[in-house]
file structure_31.cif (mmCIF, C-alpha atoms and all ligand atoms)
data_query
loop_
_atom_site.label_atom_id
_atom_site.label_comp_id
_atom_site.auth_asym_id
_atom_site.auth_seq_id
_atom_site.Cartn_x
_atom_site.Cartn_y
_atom_site.Cartn_z
CA MET I 133 0.87 -21.20 76.92
CA SER I 134 -1.70 -19.67 74.60
CA GLN I 135 -1.14 -20.06 70.90
CA PHE I 136 -1.74 -16.32 70.64
CA ASN I 137 1.34 -15.43 72.65
CA VAL I 138 3.31 -14.23 69.63
CA LYS I 139 6.74 -13.07 70.69
CA ARG I 140 7.00 -9.74 68.99
CA PRO I 141 6.23 -6.21 70.14
CA ILE I 142 2.91 -4.80 68.98
CA VAL I 143 4.56 -1.48 68.17
CA GLY I 144 8.26 -1.01 67.48
CA LEU I 145 9.94 1.28 69.98
CA PRO I 146 11.89 4.25 68.65
CA GLU I 147 15.62 3.75 68.52
CA GLN I 148 17.77 6.07 70.62
CA ASP I 149 19.53 7.78 67.72
CA PRO I 150 18.22 6.36 64.49
CA GLU I 151 20.05 7.26 61.32
CA PRO I 152 17.97 10.01 59.61
CA GLN I 153 16.48 8.89 56.32
CA PHE I 154 15.84 12.39 54.99
CA SER I 155 18.07 15.47 54.96
CA ASP I 156 17.08 18.87 56.35
CA ASP I 157 16.78 20.12 52.77
CA GLU I 158 14.16 17.46 52.07
CA LEU I 159 12.23 18.05 55.26
CA VAL I 160 10.31 21.08 54.05
CA TRP I 161 6.79 21.62 52.81
CA THR I 162 6.04 23.07 49.41
CA ASP I 163 3.86 26.16 49.16
CA ASP I 164 0.90 24.00 48.12
CA GLU I 165 1.38 21.65 51.07
CA GLN I 166 1.74 24.58 53.45
CA ALA I 167 -1.51 26.05 52.13
CA LYS I 168 -3.31 22.76 52.75
CA ILE I 169 -1.93 22.58 56.27
CA GLU I 170 -3.08 26.12 57.02
CA ARG I 171 -6.56 25.22 55.77
CA TRP I 172 -6.70 22.10 57.99
CA LYS I 173 -5.48 24.06 61.01
CA GLY I 174 -8.35 26.49 60.52
CA GLN I 175 -10.90 23.68 60.66
CA TYR I 176 -10.30 22.85 64.33
CA PRO I 177 -10.62 24.85 67.54
CA ASP I 178 -7.09 23.69 68.34
CA PRO I 179 -4.80 23.60 65.26
CA LYS I 180 -2.91 20.65 66.80
CA ALA I 181 -5.95 18.53 65.97
CA ALA I 182 -4.79 18.61 62.35
CA ILE I 183 -2.02 16.15 63.22
CA MET I 184 -3.73 13.23 61.47
CA ASN I 185 -4.02 15.16 58.21
CA VAL I 186 -0.43 16.40 58.48
CA LEU I 187 0.96 12.92 59.19
CA TRP I 188 -1.02 11.59 56.21
CA LEU I 189 0.33 14.33 53.97
CA ALA I 190 3.85 13.54 55.18
CA GLN I 191 3.37 9.85 54.45
CA GLU I 192 2.20 10.63 50.92
CA LYS I 193 5.23 12.86 50.44
CA PHE I 194 7.95 10.73 52.04
CA GLY I 195 6.45 7.25 51.73
CA TRP I 196 6.67 6.53 55.44
CA LEU I 197 7.18 8.21 58.81
CA PRO I 198 10.69 7.91 60.27
CA PRO I 199 11.31 9.98 63.44
CA GLU I 200 12.56 13.08 61.60
CA VAL I 201 9.36 13.18 59.53
CA ILE I 202 7.22 12.82 62.65
CA GLN I 203 9.29 15.63 64.14
CA LEU I 204 8.57 17.79 61.10
CA CYS I 205 4.83 17.18 61.59
CA ALA I 206 5.08 17.99 65.29
CA ASP I 207 7.05 21.18 64.62
CA THR I 208 4.57 22.19 61.92
CA LEU I 209 1.75 22.16 64.48
CA ASP I 210 3.87 23.39 67.37
CA MET I 211 3.25 20.25 69.41
CA ASP I 212 5.39 17.76 71.32
CA TYR I 213 7.08 14.97 69.41
CA ALA I 214 5.63 12.44 71.85
CA ARG I 215 2.06 13.40 71.00
CA ALA I 216 2.67 13.21 67.26
CA PHE I 217 4.47 9.88 67.75
CA GLY I 218 1.53 8.61 69.80
CA VAL I 219 -0.89 9.30 66.96
CA ALA I 220 1.44 7.84 64.32
CA THR I 221 1.93 4.63 66.27
CA PHE I 222 -1.73 4.20 67.23
CA TYR I 223 -2.87 3.69 63.64
CA THR I 224 -1.42 0.88 61.54
CA GLN I 225 -2.24 2.94 58.44
CA TYR I 226 0.69 5.22 59.28
CA TYR I 227 3.87 3.45 58.22
CA LYS I 228 6.65 3.59 60.79
CA GLU I 229 8.95 1.53 58.58
CA GLU I 230 9.74 1.72 54.92
CA GLN I 231 7.19 -0.34 52.99
CA GLY I 232 7.11 -2.26 49.77
CA GLU I 233 5.52 -0.77 46.69
CA TYR I 234 2.25 -2.49 47.66
CA VAL I 235 1.14 -3.09 51.23
CA LEU I 236 -1.24 -6.03 51.68
CA ASP I 237 -3.31 -5.62 54.85
CA VAL I 238 -5.01 -8.95 55.38
CA CYS I 239 -7.78 -8.92 57.96
CA THR I 240 -7.75 -11.85 60.38
CA CYS I 241 -10.21 -10.40 62.86
CA PHE I 242 -13.31 -12.35 63.92
CA SER I 243 -15.48 -12.50 60.79
CA CYS I 244 -12.57 -12.81 58.39
CA GLN I 245 -10.96 -15.40 60.66
CA MET I 246 -14.08 -17.57 60.59
CA MET I 247 -14.26 -17.28 56.81
CA GLY I 248 -10.65 -18.37 56.28
CA GLY I 249 -8.71 -15.13 56.80
CA TYR I 250 -5.73 -17.09 58.10
CA ASP I 251 -5.89 -19.43 55.10
CA ILE I 252 -5.48 -16.35 52.92
CA PHE I 253 -2.78 -14.91 55.15
CA HIS I 254 -0.73 -18.11 55.23
CA TYR I 255 -1.23 -18.59 51.51
CA LEU I 256 0.29 -15.15 50.93
CA GLU I 257 3.13 -15.90 53.36
CA GLU I 258 3.96 -18.97 51.32
CA LYS I 259 3.43 -17.38 47.93
CA LEU I 260 5.53 -14.29 48.64
CA GLY I 261 8.05 -15.92 51.00
CA ILE I 262 7.54 -13.33 53.74
CA HIS I 263 5.88 -13.14 57.15
CA ASP I 264 3.84 -10.51 58.95
CA GLY I 265 5.44 -7.07 58.62
CA GLU I 266 8.07 -8.19 56.13
CA THR I 267 8.79 -7.00 52.62
CA THR I 268 9.78 -9.11 49.62
CA ASP I 269 13.42 -8.86 48.54
CA ASP I 270 12.46 -7.02 45.37
CA GLY I 271 10.60 -4.40 47.46
CA THR I 272 7.29 -5.08 45.73
CA PHE I 273 5.09 -6.40 48.57
CA THR I 274 4.77 -5.87 52.30
CA LEU I 275 2.44 -8.28 54.09
CA LYS I 276 0.55 -7.39 57.25
CA GLU I 277 -1.99 -9.03 59.48
CA VAL I 278 -4.48 -6.37 60.54
CA GLU I 279 -7.55 -5.98 62.71
CA CYS I 280 -11.09 -5.43 61.44
CA LEU I 281 -11.25 -3.09 58.46
CA GLY I 282 -14.99 -2.62 58.84
CA CYS I 283 -16.01 -4.79 55.94
CA CYS I 284 -16.90 -7.99 57.79
CA GLY I 285 -19.83 -8.75 55.47
CA SER I 286 -17.48 -9.58 52.61
CA ALA I 287 -15.01 -11.62 54.64
CA PRO I 288 -12.30 -12.63 54.14
CA MET I 289 -10.94 -9.40 52.77
CA MET I 290 -7.82 -7.27 52.52
CA GLN I 291 -6.85 -3.70 51.78
CA VAL I 292 -4.13 -2.73 49.32
CA SER I 293 -1.81 0.16 50.23
CA ASN I 294 -4.34 2.02 52.37
CA GLY I 295 -6.59 2.07 49.30
CA PRO I 296 -9.04 -0.34 47.67
CA TYR I 297 -10.54 -3.29 49.47
CA VAL I 298 -10.55 -6.72 47.87
CA HIS I 299 -13.55 -8.74 49.04
CA ASN I 300 -14.54 -12.38 49.44
CA LEU I 301 -10.99 -13.59 48.99
CA THR I 302 -10.15 -16.99 47.61
CA LYS I 303 -6.69 -18.31 46.77
CA GLU I 304 -7.52 -17.88 43.08
CA LYS I 305 -8.49 -14.26 43.70
CA VAL I 306 -5.22 -13.72 45.55
CA ASP I 307 -3.26 -15.19 42.61
CA GLN I 308 -5.01 -12.82 40.23
CA LEU I 309 -4.48 -9.85 42.52
CA ILE I 310 -0.74 -10.50 42.85
CA GLU I 311 -0.39 -10.95 39.11
CA ASN I 312 -2.24 -7.68 38.47
CA LEU I 313 -0.19 -5.79 41.04
CA ARG I 314 3.06 -7.08 39.53
CA ALA I 315 1.78 -5.61 36.26
CA GLY I 316 1.13 -2.32 38.02
CA GLN I 317 -2.66 -2.66 38.11
CA MET I 318 -4.27 -1.65 41.36
CA PRO I 319 -7.67 -3.22 42.08
CA THR I 320 -10.57 -0.93 41.37
CA PHE I 321 -13.12 0.12 43.96
CA THR I 322 -15.93 -2.40 44.37
CA SER I 323 -19.05 -1.55 46.30
CA VAL I 324 -20.30 -4.08 48.79
CA THR I 325 -23.77 -5.51 48.49
CA LEU I 326 -26.01 -4.99 51.47
CA PRO I 327 -28.23 -7.95 52.45
CA GLN I 328 -31.39 -6.21 51.24
CA ASP I 329 -29.82 -5.63 47.83
CA GLU I 330 -28.43 -9.12 47.30
CA ASP I 331 -31.14 -10.23 44.85
CA GLU I 332 -31.07 -7.02 42.89
CA MET I 333 -27.28 -6.85 42.68
CA GLY I 334 -26.69 -10.53 42.17
CA GLY I 335 -24.97 -10.80 45.53
CA ASN I 336 -21.25 -10.77 46.15
CA ARG I 337 -20.90 -12.88 49.25
CA ARG I 338 -19.02 -16.13 49.56
CA THR I 339 -21.47 -18.93 50.06
CA ASP I 340 -19.00 -21.69 49.30
CA VAL I 341 -17.22 -21.63 52.67
CA GLN I 342 -18.27 -24.19 55.25
CA PRO I 343 -16.57 -24.33 58.66
CA GLU I 344 -14.78 -27.58 57.82
CA GLN I 345 -13.25 -25.96 54.74
CA VAL I 346 -11.40 -23.34 56.76
CA GLU I 347 -7.97 -24.84 57.27
CA THR I 348 -6.19 -22.54 59.68
CA TYR I 349 -8.94 -20.89 61.69
CA GLN I 350 -7.36 -19.00 64.63
CA THR I 351 -3.80 -19.77 63.63
CA PRO I 352 -1.68 -16.65 64.07
CA PRO I 353 1.16 -15.81 61.70
CA ARG I 354 4.70 -16.91 62.44
CA ALA I 355 3.38 -19.97 64.22
CA GLU I 356 6.98 -21.04 64.84
CA ALA I 357 7.37 -18.04 67.20
CA THR I 358 4.66 -19.28 69.55
CA GLU I 359 4.83 -21.83 72.33
S1 LIG D 1 -13.46 -8.96 60.57
FE1 LIG D 1 -12.44 -8.58 58.68
S2 LIG D 1 -13.32 -6.72 58.05
FE2 LIG D 1 -14.24 -7.04 59.97
#
call {"tool": "encode", "arguments": {"input": "structure_31.cif", "output": "structure tokens"}}
result
Amino acid sequence: MSQFNVKRPIVGLPEQDPEPQFSDDELVWTDDEQAKIERWKGQYPDPKAAIMNVLWLAQEKFGWLPPEVIQLCADTLDMDYARAFGVATFYTQYYKEEQGEYVLDVCTCFSCQMMGGYDIFHYLEEKLGIHDGETTDDGTFTLKEVECLGCCGSAPMMQVSNGPYVHNLTKEKVDQLIENLRAGQMPTFTSVTLPQDEDEMGGNRRTDVQPEQVETYQTPPRAEATE
């Protein structure tokens, strides 16, 4: 059987009657939020098209999107729960489970994979003691394996909490990142050098990685779950 046959669902199915995480009193928009929503609704021919903005706003407000929060978003735009749920589950950036304080999205797609993305991923698994989709016991870090984040030129890379990208990862860079995050310091935005600007900008690509140095090329996470 293929080594990629990881035995876990790609998307968690909704429970029948999950315990609500937020009360009815909490599930309301403030006047400011409502004003934003009205503005977004006015930007589309069909106000329902604002669902991505509304889900994002809800995630910023509640931290994640349990069913009752998705329902709030659906009700806000007068649309079916199933359609709002479909959008929320299509994008990994919407959190369907409670997350740690920092979410580490490590890209293991093609370019990152060839540049040692799985080395970085497995290093983080070992360092933090968690696997894909899990959160550390102290609630500080959630680790995720994600698809291409559109920054293949600075592979391997990761994104922190739907925010800054960290480029050209090495294990040393990961150590520094984790230490900084534990101290409450988010990485700052770094622009990526385009090939034509490499000389002028001093370059920021990894040139130290040779194919034989990549240890776990194409090795999915939770290798013990594969056959
Ligand atoms: S393959 Fe990792 S960012 Fe594209």
call {"tool": "residues_near_ligand", "arguments": {"input": "structure_31.cif", "ligand": "ligand LIG 1 (chain D)", "cutoff": "10 Å", "atoms": "all atoms listed in the file", "output": "PyMOL selection string"}}
result
chain I and resi 238-247+249+278-291+297+299
call {"tool": "closest_residue", "arguments": {"input": "structure_31.cif", "among": "I:Glu200, I:Glu170, I:Glu266, I:Glu151", "to": "Val235 of chain I", "atoms": "all atoms listed in the file"}}
result
I:Glu266
call {"tool": "residues_around", "arguments": {"input": "structure_31.cif", "residues": "Phe194 of chain I", "least_positions_apart": "5", "cutoff": "10 Å", "atoms": "all atoms listed in the file", "output": "list in words"}}
result
Gln153, Phe154, Glu158, Leu159, Trp188, Leu189, Val201 and Glu230 of chain I
call {"tool": "atom_distance", "arguments": {"input": "structure_31.cif", "atom1": "atom CA of Thr208 of chain I", "atom2": "atom CA of Ala220 of chain I"}}
result
14.9 Å
call {"tool": "closest_residue", "arguments": {"input": "structure_31.cif", "among": "I:Tyr349, I:Tyr250, I:Trp196, I:Tyr213", "to": "Gln225 of chain I", "atoms": "all atoms listed in the file"}}
result
I:Trp196
call {"tool": "closest_residue", "arguments": {"input": "structure_31.cif", "among": "I:Lys303, I:Phe253, I:Pro198, I:Leu236", "to": "Gln350 of chain I", "atoms": "all atoms listed in the file"}}
result
I:Phe253
call {"tool": "axis_aligned_box", "arguments": {"input": "structure_31.cif", "around": "segment 236-244 of chain I", "padding_each_side": "6 Å", "output": "JSON"}}
result
{"center_x": -8.4, "center_y": -9.2, "center_z": 57.8, "size_x": 26.2, "size_y": 19.2, "size_z": 24.2}
call {"tool": "atom_distance", "arguments": {"input": "structure_31.cif", "atom1": "atom CA of Asp212 of chain I", "atom2": "atom CA of Ser155 of chain I"}}
result
20.8 Å
call {"tool": "atom_distance", "arguments": {"input": "structure_31.cif", "atom1": "atom CA of Leu197 of chain I", "atom2": "atom CA of Glu229 of chain I"}}
result
6.9 Å
call {"tool": "closest_residue", "arguments": {"input": "structure_31.cif", "among": "I:Asp207, I:Asp157, I:Tyr234, I:Ala216", "to": "Ile183 of chain I", "atoms": "all atoms listed in the file"}}
result
I:Ala216
call {"tool": "residues_near_point", "arguments": {"input": "structure_31.cif", "point": "(7.9, -1.2, 48.9)", "cutoff": "7 Å", "atoms": "all atoms listed in the file", "output": "PDB file with C-alpha atoms, in the frame of the given file"}}
result
ATOM      1  CA  GLU I 230       9.740   1.720  54.920  1.00  0.00           C
ATOM      2  CA  GLN I 231       7.190  -0.340  52.990  1.00  0.00           C
ATOM      3  CA  GLY I 232       7.110  -2.260  49.770  1.00  0.00           C
ATOM      4  CA  GLU I 233       5.520  -0.770  46.690  1.00  0.00           C
ATOM      5  CA  TYR I 234       2.250  -2.490  47.660  1.00  0.00           C
ATOM      6  CA  THR I 267       8.790  -7.000  52.620  1.00  0.00           C
ATOM      7  CA  GLY I 271      10.600  -4.400  47.460  1.00  0.00           C
ATOM      8  CA  THR I 272       7.290  -5.080  45.730  1.00  0.00           C
ATOM      9  CA  PHE I 273       5.090  -6.400  48.570  1.00  0.00           C
ATOM     10  CA  THR I 274       4.770  -5.870  52.300  1.00  0.00           C
TER      11      THR I 274
END
call {"tool": "closest_residue", "arguments": {"input": "structure_31.cif", "among": "I:Thr339, I:Arg171, I:Gln203, I:Pro177", "to": "Gly218 of chain I", "atoms": "all atoms listed in the file"}}
result
I:Gln203
call {"tool": "closest_residue", "arguments": {"input": "structure_31.cif", "among": "I:Tyr226, I:Tyr255, I:Trp161, I:Tyr176", "to": "Asp307 of chain I", "atoms": "all atoms listed in the file"}}
result
I:Tyr255
call {"tool": "residues_around", "arguments": {"input": "structure_31.cif", "residues": "Met318 of chain I", "least_positions_apart": "6", "cutoff": "10 Å", "atoms": "all atoms listed in the file", "output": "compact mmCIF listing (two decimals) with C-alpha atoms, keeping the file's coordinate frame"}}
result
# COMPACT_ATOMS: atom_id res chain seq x y z
CA TYR I 234 2.25 -2.49 47.66
CA VAL I 292 -4.13 -2.73 49.32
CA SER I 293 -1.81 0.16 50.23
CA GLY I 295 -6.59 2.07 49.30
CA PRO I 296 -9.04 -0.34 47.67
CA LEU I 309 -4.48 -9.85 42.52
CA ILE I 310 -0.74 -10.50 42.85
CA ASN I 312 -2.24 -7.68 38.47
